[in-house]
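One structure is given below, encoded as structure tokens.
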There are 2 protein chains.
Amino acid sequence: MAVNLVAPEAEKLLRVNGIRLATASAGIKKPGRHDVVLFEMVEGTQTAAVYTQNAFCAAPVILAKDHQSSSPSRFLLINSGNANAGTGEQGLLAAKACCEAVADIAAVNASTVLPFSTGVIGQPLPVDKIVAVLPQAFDSLAADNWLAAARGIMTTDTLPKAQSTQVNIDGQLITITGISKGSGMIRPDMATMLAYIATDAAIEKPVLQDILNSAMAESFNRITVDGDTSTNDACVLMATGKAGNATVSDLNTVDGQNLLKAITDICRFLAQAIVRDGEGATKFITINVEQGQTAEECRQVAYTIAHSPLVKTALFASDPNWGRILAAVGRSGITDFDLSGVTIHIGDVCIVASGQPAEDYTEKKGQQVMSESEVIISVSLGRGEAVDQVWTCDFSYDYVKINAEYRT
Amino acid sequence: MAVNLVAPEAEKLLRVNGIRLATASAGIKKPGRHDVVLFEMVEGTQTAAVYTQNAFCAAPVILAKDHQSSSPSRFLLINSGNANAGTGEQGLLAAKACCEAVADIAAVNASTVLPFSTGVIGQPLPVDKIVAVLPQAFDSLAADNWLAAARGIMTTDTLPKAQSTQVNIDGQLITITGISKGSGMIRPDMATMLAYIATDAAIEKPVLQDILNSAMAESFNRITVDGDTSTNDACVLMATGKAGNATVSDLNTVDGQNLLKAITDICRFLAQAIVRDGEGATKFITINVEQGQTAEECRQVAYTIAHSPLVKTALFASDPNWGRILAAVGRSGITDFDLSGVTIHIGDVCIVASGQPAEDYTEKKGQQVMSESEVIISVSLGRGEAVDQVWTCDFSYDYVKINAEYRT
């Protein structure tokens with residue numbers, strides 16, 4: 001029941017020169033489901049990555065950080081169905097064993113393999129099952145397996161999430177394709193969210209990391225489903241350098257900015273897709289906060305609204321109970337907050353003007369705009385020029401159902 | 001479906017000498033329901049009060065603060081069904097009109113009347129309906145109407161909440177009786193929560209405020225249902241001075257401490273009753289955090305767990321998905337957090353010891369302790385001696401149902 005999101009068409013997902021992918025069925029949680037995904041990157045590929053900020057990092061995150069900072073990466077090994085988190089020393093050994101198995105087959109160093117896991121926390125990773133399907137995965141590596149990979153990393157997602165674009169850089173048509181997963185436990189600064197974006201452009205490693213950081217700030221770090229963050233989140237950006245462009249070594253050039261914009265667009269699509277497929281989501285909500293003193297306080301207000309279960313259930317019910325939005329703004333903790341400057345709109349319907357209930361507001365207008373599948377809540381704080389934006393979804397019976405029955 | 005909570009028996013609610021109460025049916029939201037409550041305090045009564053910290057205060061809160069600080073209070077006028085919040089200048093005029101109507105009948109100054117409202121936000125208060133039933137309310141003022149008053153202030157509460165106790169002060173048996181309401185939009189620093197506690201003890205006004213502040217910190221400010229705070233919360237403590245004790249003028253005496261303990265016990269009962277009747281609650285959860293560097297960081301961890309929809313839905317499902325508790329601890333934002341000192345128990349079942357999964361943990365043990373109606377989650381941070389405690393409830397289908405359909 002994703003909101004205005006459909007499964008991507010395989011033929012619209014463009015191959016990225018230098019990247020091959022494969023999936024396999026290890027039977028980690030559900031028999032028959034493709035739950036192992038292998039990425040192969042051509043030699044010379046640069047990578048940038050961002051990881052969860054949860055103090056309890058899952059074992060694969062600890063290892064991926066270590067490997068990615070010490071060696072050029074050649075493989076990503078991702079499994080769904082088991083997060084290998086809260087598994088202590090054994091979990092670290094399990095993640096290592098998986099990396100070594102990939103390395104053995106490919107005859108590379110294990111530190112060139114980055115491991116990722118998503119799924120249930122606190123259960124031992126079935127290493128043997130994963131290792132057993134690796135030869136088959138290697139045999140089926142191909143450049144056009146993006147949709148299968150997008151499916152392979154899903155957990156409670158109802159749809160695969162993937163997108164491609166192309167942009168001209170240094171006279172070369174370069175390609176960017178990315179996939180993502182995650183539908184609950186999503187909030188800023190990474191969540192149970194995995195995303196892998198690859199381009200065939202040649203980009204210097206520090207510039208690649210800058211691009212990823214900047215793109216994250218405008219995409220994955222602006223979404224929230226339930227305010228929870230996971231132990232396993234990761235986003236990897238790969239640049240194979242096979243497109244033939246002169247290596248981009250400065251972000252502040254026309255090429256650098258065009259590349260940044262194209263990659264940010266892909267990330268924003270993938271991030272919004274996660275919210276559109278939020279657990280139990282029936283509506284996609286954009287929260288704009290403007291006229292703040294700082295972007296931080298705009299975000300603070302936006303997230304207080306976005307995390308309010310009362311606002312989210314009212315959105316689910318298409319109930320213009322705008323008092324709940326007003327209450328959330330009021331408790332967001334902004335200092336020296338003069339309410340007389342506050343204006344709040346739902347869509348184009350003004351509900352609060354200059355801190356007072358809008359005179360021409362009617363329940364009918366409110367209901368109409370709340371019943372749309374895409375709702376925009378705009379708050380103007382009237383105390384500065386900063387703006388920020390957050391995307392979230394509503395809170396339905398199905399959210400509870402999905403999360404109460406996740407492991408059964 | 002309140003958790004281990006039953007309606008109080010009328011005969012167990014003790015009269016407080018100097019307090020009379022009445023209820024009336026003004027038809028504010030539901031015809032026939034008693035939705036107006038009037039408290040009459042004998043002349044000489046001292047009052048202390050705490051109000052919502054939401055920047056958007058409802059009109060009655062603004063007026064009650066003003067009245068209570070400027071004059072000795074003689075009446076409380078409370079209505080349910082309409083919060084008179086988000087109603088701007090008109091709302092303030094409406095609250096004033098209600099106070100004046102009470103004052104006219106009683107031949108007192110309007111500033112001796114404190115107004116309180118709870119219910120839907122953003123709709124005009126039906127002043128005429130309320131004023132029309134005031135004569136009848138005055139006629140039925142009686143000392144034994146506590147249970148009716150507890151019912152009269154209810155909104156989505158399924159049960160009235162009230163409790164009495166007695167304590168010996170200066171050789172006199174003094175009585176304390178209190179009522180509370182609130183079942184959603186509850187979180188620390190007041191929520192959509194109203195509480196009125198009265199004693200016949202003689203207590204100096206500054207001591208009374210100290211007692212209320214201290215009791216609040218150990219009760220109403222330690223509960224959370226959904227992390228939302230309301231525009232309307234208030235808690236009033238009244239001391240009529242009719243018990244005949246020598247006026248308590250110092251909290252740091254045996255009498256002062258005995259009084260504090262008795263009032264705190266009543267507040268804790270009333271606060272926990274709100275959580276036990278939390279919207280859709282099926283379990284009562286106590287979260288203990290110990291060995292923190294400061295009580296603040298203990299609270300931070302406790303509230304991160306208590307507000308996690310993933311933890312709350314797992315509790316609803318009796319699913320020992322303890323990884324969600326671990327993830328919440330990990331993202332609680334404590335600085336320089338060494339996980340190797342962390343131990344987590346659910347009931348007496350250890351799930352994490354010294355930052356590692358507990359070796360003797362089994363799914364069966366976890367399930368058993370999670371399926372109780374009272375669940376205690378204990379987190380030891382291993383970095384200090386501070387402790388704190390928070391009470392919450394689980395998150396069920398009914399929470400969504402109640403809040404999606406509140407106004408229909």
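Order determines the names: the first chain of the structure tokens is A, the second B, and so forth; residues in each chain are numbered 1 upward, and ligands are numbered 1 upward as they are shown.
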Problem set entry | DSSP strand (DSSP E or B) selection over range 55-167 of chain B, as a ChimeraX atom specification | /B:75-82,113-120,142,161-167
Give me a file of those residues, with N, CA and C atoms, as an mmCIF file, in the first residue's frame.
data_model
loop_
_atom_site.group_PDB
_atom_site.id
_atom_site.type_symbol
_atom_site.label_atom_id
_atom_site.label_comp_id
_atom_site.auth_asym_id
_atom_site.auth_seq_id
_atom_site.Cartn_x
_atom_site.Cartn_y
_atom_site.Cartn_z
ATOM 1 N N PHE B 75 -12.675 29.064 43.621
ATOM 2 C CA PHE B 75 -13.403 28.102 42.778
ATOM 3 C C PHE B 75 -12.513 27.579 41.648
ATOM 4 N N LEU B 76 -12.729 26.333 41.304
ATOM 5 C CA LEU B 76 -12.170 25.784 40.067
ATOM 6 C C LEU B 76 -13.365 25.443 39.186
ATOM 7 N N LEU B 77 -13.310 25.881 37.921
ATOM 8 C CA LEU B 77 -14.364 25.508 36.971
ATOM 9 C C LEU B 77 -13.702 24.728 35.844
ATOM 10 N N ILE B 78 -14.081 23.476 35.706
ATOM 11 C CA ILE B 78 -13.426 22.597 34.736
ATOM 12 C C ILE B 78 -14.474 22.079 33.765
ATOM 13 N N ASN B 79 -14.159 22.119 32.468
ATOM 14 C CA ASN B 79 -15.050 21.451 31.516
ATOM 15 C C ASN B 79 -14.272 20.448 30.686
ATOM 16 N N SER B 80 -14.905 19.355 30.339
ATOM 17 C CA SER B 80 -14.331 18.413 29.379
ATOM 18 C C SER B 80 -15.100 18.541 28.065
ATOM 19 N N GLY B 81 -14.531 17.948 26.978
ATOM 20 C CA GLY B 81 -15.230 17.986 25.690
ATOM 21 C C GLY B 81 -14.757 19.087 24.764
ATOM 22 N N ASN B 82 -14.147 20.117 25.319
ATOM 23 C CA ASN B 82 -13.642 21.231 24.495
ATOM 24 C C ASN B 82 -12.478 21.862 25.246
ATOM 25 N N VAL B 113 -11.627 32.694 40.568
ATOM 26 C CA VAL B 113 -12.081 31.489 39.846
ATOM 27 C C VAL B 113 -10.994 31.057 38.867
ATOM 28 N N LEU B 114 -10.568 29.788 38.939
ATOM 29 C CA LEU B 114 -9.571 29.264 38.005
ATOM 30 C C LEU B 114 -10.264 28.377 36.975
ATOM 31 N N PRO B 115 -10.120 28.701 35.672
ATOM 32 C CA PRO B 115 -10.795 27.913 34.634
ATOM 33 C C PRO B 115 -9.866 26.842 34.035
ATOM 34 N N PHE B 116 -10.415 25.703 33.702
ATOM 35 C CA PHE B 116 -9.662 24.614 33.073
ATOM 36 C C PHE B 116 -10.543 23.954 32.019
ATOM 37 N N SER B 117 -9.932 23.593 30.894
ATOM 38 C CA SER B 117 -10.696 22.947 29.826
ATOM 39 C C SER B 117 -9.879 21.798 29.261
ATOM 40 N N THR B 118 -10.542 20.752 28.830
ATOM 41 C CA THR B 118 -9.845 19.637 28.176
ATOM 42 C C THR B 118 -10.767 19.028 27.126
ATOM 43 N N GLY B 119 -10.177 18.656 25.986
ATOM 44 C CA GLY B 119 -11.000 18.077 24.932
ATOM 45 C C GLY B 119 -10.432 18.466 23.579
ATOM 46 N N VAL B 120 -11.304 18.650 22.622
ATOM 47 C CA VAL B 120 -10.880 18.964 21.264
ATOM 48 C C VAL B 120 -10.292 20.376 21.210
ATOM 49 N N ALA B 142 -21.323 19.486 47.145
ATOM 50 C CA ALA B 142 -21.310 18.595 48.307
ATOM 51 C C ALA B 142 -19.892 18.077 48.504
ATOM 52 N N LYS B 161 -10.205 8.332 37.772
ATOM 53 C CA LYS B 161 -8.971 8.134 38.536
ATOM 54 C C LYS B 161 -9.046 8.989 39.795
ATOM 55 N N ALA B 162 -8.988 8.355 40.932
ATOM 56 C CA ALA B 162 -9.085 9.086 42.192
ATOM 57 C C ALA B 162 -8.484 8.240 43.297
ATOM 58 N N GLN B 163 -8.005 8.913 44.328
ATOM 59 C CA GLN B 163 -7.383 8.196 45.446
ATOM 60 C C GLN B 163 -7.378 9.086 46.677
ATOM 61 N N SER B 164 -7.511 8.448 47.833
ATOM 62 C CA SER B 164 -7.438 9.174 49.104
ATOM 63 C C SER B 164 -6.409 8.540 50.018
ATOM 64 N N THR B 165 -5.903 9.319 50.952
ATOM 65 C CA THR B 165 -5.060 8.775 52.003
ATOM 66 C C THR B 165 -5.190 9.674 53.222
ATOM 67 N N GLN B 166 -4.701 9.169 54.344
ATOM 68 C CA GLN B 166 -4.673 9.988 55.564
ATOM 69 C C GLN B 166 -3.314 9.867 56.219
ATOM 70 N N VAL B 167 -2.908 10.924 56.904
ATOM 71 C CA VAL B 167 -1.596 10.924 57.547
ATOM 72 C C VAL B 167 -1.678 11.802 58.789
#
Contacts of chain A with chain B up to 7 Å, shortest pair per row, only C-alpha atoms, as a Markdown table:
| residue | atom | partner | partner_atom | distance |
| --- | --- | --- | --- | --- |
| A:Asn54 | CA | B:Arg331 | CA | 4.6 |
| A:Ala55 | CA | B:Gly330 | CA | 4.3 |
| A:Phe56 | CA | B:Gly330 | CA | 4.8 |
| A:Gly86 | CA | B:Pro357 | CA | 6.2 |
| A:Thr87 | CA | B:Pro357 | CA | 6.1 |
| A:Gly88 | CA | B:Gln356 | CA | 5.1 |
| A:Ile121 | CA | B:Gly323 | CA | 5.0 |
| A:Gly122 | CA | B:Gly323 | CA | 5.8 |
| A:Asp226 | CA | B:Pro309 | CA | 6.4 |
| A:Asp228 | CA | B:Ser308 | CA | 6.3 |
| A:Thr229 | CA | B:Arg331 | CA | 6.7 |
| A:Ser230 | CA | B:Ala327 | CA | 6.0 |
| A:Thr231 | CA | B:Ala327 | CA | 6.0 |
| A:Ser308 | CA | B:Asp228 | CA | 6.3 |
| A:Pro309 | CA | B:Asp226 | CA | 6.5 |
| A:Leu310 | CA | B:Asn403 | CA | 6.5 |
| A:Thr313 | CA | B:Ala404 | CA | 5.1 |
| A:Ala314 | CA | B:Ala404 | CA | 5.3 |
| A:Phe316 | CA | B:Ala404 | CA | 6.7 |
| A:Ala317 | CA | B:Ala404 | CA | 5.0 |
| A:Gly323 | CA | B:Ile121 | CA | 5.0 |
| A:Ala327 | CA | B:Ser230 | CA | 6.0 |
| A:Gly330 | CA | B:Ala55 | CA | 4.4 |
| A:Arg331 | CA | B:Asn54 | CA | 4.6 |
| A:Gln356 | CA | B:Gly88 | CA | 5.1 |
| A:Pro357 | CA | B:Thr87 | CA | 6.1 |
| A:Ser396 | CA | B:Val400 | CA | 6.3 |
| A:Tyr397 | CA | B:Tyr397 | CA | 5.6 |
| A:Val400 | CA | B:Tyr397 | CA | 6.0 |
| A:Asn403 | CA | B:Thr313 | CA | 5.9 |
| A:Ala404 | CA | B:Ala317 | CA | 4.9 |
| A:Glu405 | CA | B:Ala317 | CA | 6.9 |
Problem set entry | Residue nearest Phe138 in chain B - candidates B:Val6, B:Leu237, B:Ala281, B:Ala24, atoms counted: only C-alpha atoms |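 Counting only C-alpha atoms, the residue closest to Phe138 in chain B is B:Ala24.
CA of Glu11 in chain A is positioned 20.7 Å from CA of Asn168 in chain A.
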Exercise. Suppose you want the space between CA of Glu372 in chain A and CA of Trp391 in chain A; what is it in Å?
Worked result: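 The value is 15.4 Å.
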Surrounding residues of Ala95 in chain B excluding itself and chain neighbours under 5 positions, 8 Å, only C-alpha atoms, as a PDB file with C-alpha atoms, in the first residue's frame:
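Below is the file result.pdb, written as the result:
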ATOM      1  CA  ALA B  59      -6.832  30.311  26.883  1.00  0.00           C
ATOM      2  CA  PRO B  60      -7.938  28.867  30.265  1.00  0.00           C
ATOM      3  CA  LEU B  63      -6.237  32.989  32.618  1.00  0.00           C
ATOM      4  CA  ASN B  84     -10.674  26.085  24.369  1.00  0.00           C
ATOM      5  CA  PRO B 115     -10.795  27.913  34.634  1.00  0.00           C
ATOM      6  CA  VAL B 127     -19.976  29.486  26.919  1.00  0.00           C
TER       7      VAL B 127
END
Exercise. Smallest atom-to-atom distance to Thr112 in chain B: which of B:Phe39, B:Phe284, B:Tyr361, B:Phe269, using only C-alpha atoms?
Worked result: B:Phe39
Exercise. Where in range 40-237 of chain B does DSSP assign helix (DSSP H, G or I), given as a ChimeraX atom specification?
Worked result: /B:59-70,88-106,110-112,127-132,134-139,146-152,205-217,220-222
Exercise. Looking at B:Lys30, B:Arg383, B:Lys261, B:Lys364, which one is nearest to Ile176 in chain B, with distances taken over only C-alpha atoms?
Worked result: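 Between B:Lys30, B:Arg383, B:Lys261, B:Lys364, the residue approaching Ile176 in chain B most closely is B:Lys261.
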Problem set entry | Polymer residues at most 12 Å from range 31-33 of chain A, only C-alpha atoms, same-chain spacing of 2 or more positions, as number ranges by chain | A: 23-29, 35-37, 79-81, 129, 148-149, 151-155
Problem set entry | Spatial neighbours of range 375-377 of chain A, max dist 7 Å, only C-alpha atoms, sep filter under 2 positions, as a PyMOL selection string | chain A and resi 284-288+345-347+370+372-373+379
For this session: Please identify all polymer residues within 7 Å of Glu290 in chain B, counting only C-alpha atoms, omitting same-chain residues fewer than 5 positions from it, and present them as a PyMOL selection string.
Result: chain B and resi 298+379-381+385-388
For this session: Name the residues in contact with Leu259 in chain A at a cut-off of 10 Å, using only C-alpha atoms, excluding same-chain residues fewer than 2 positions from it; report them as an NGL selection string.
Result: :A and (166-169 or 174 or 176 or 199 or 201 or 203 or 208 or 211 or 248 or 251 or 253-257 or 261-265)
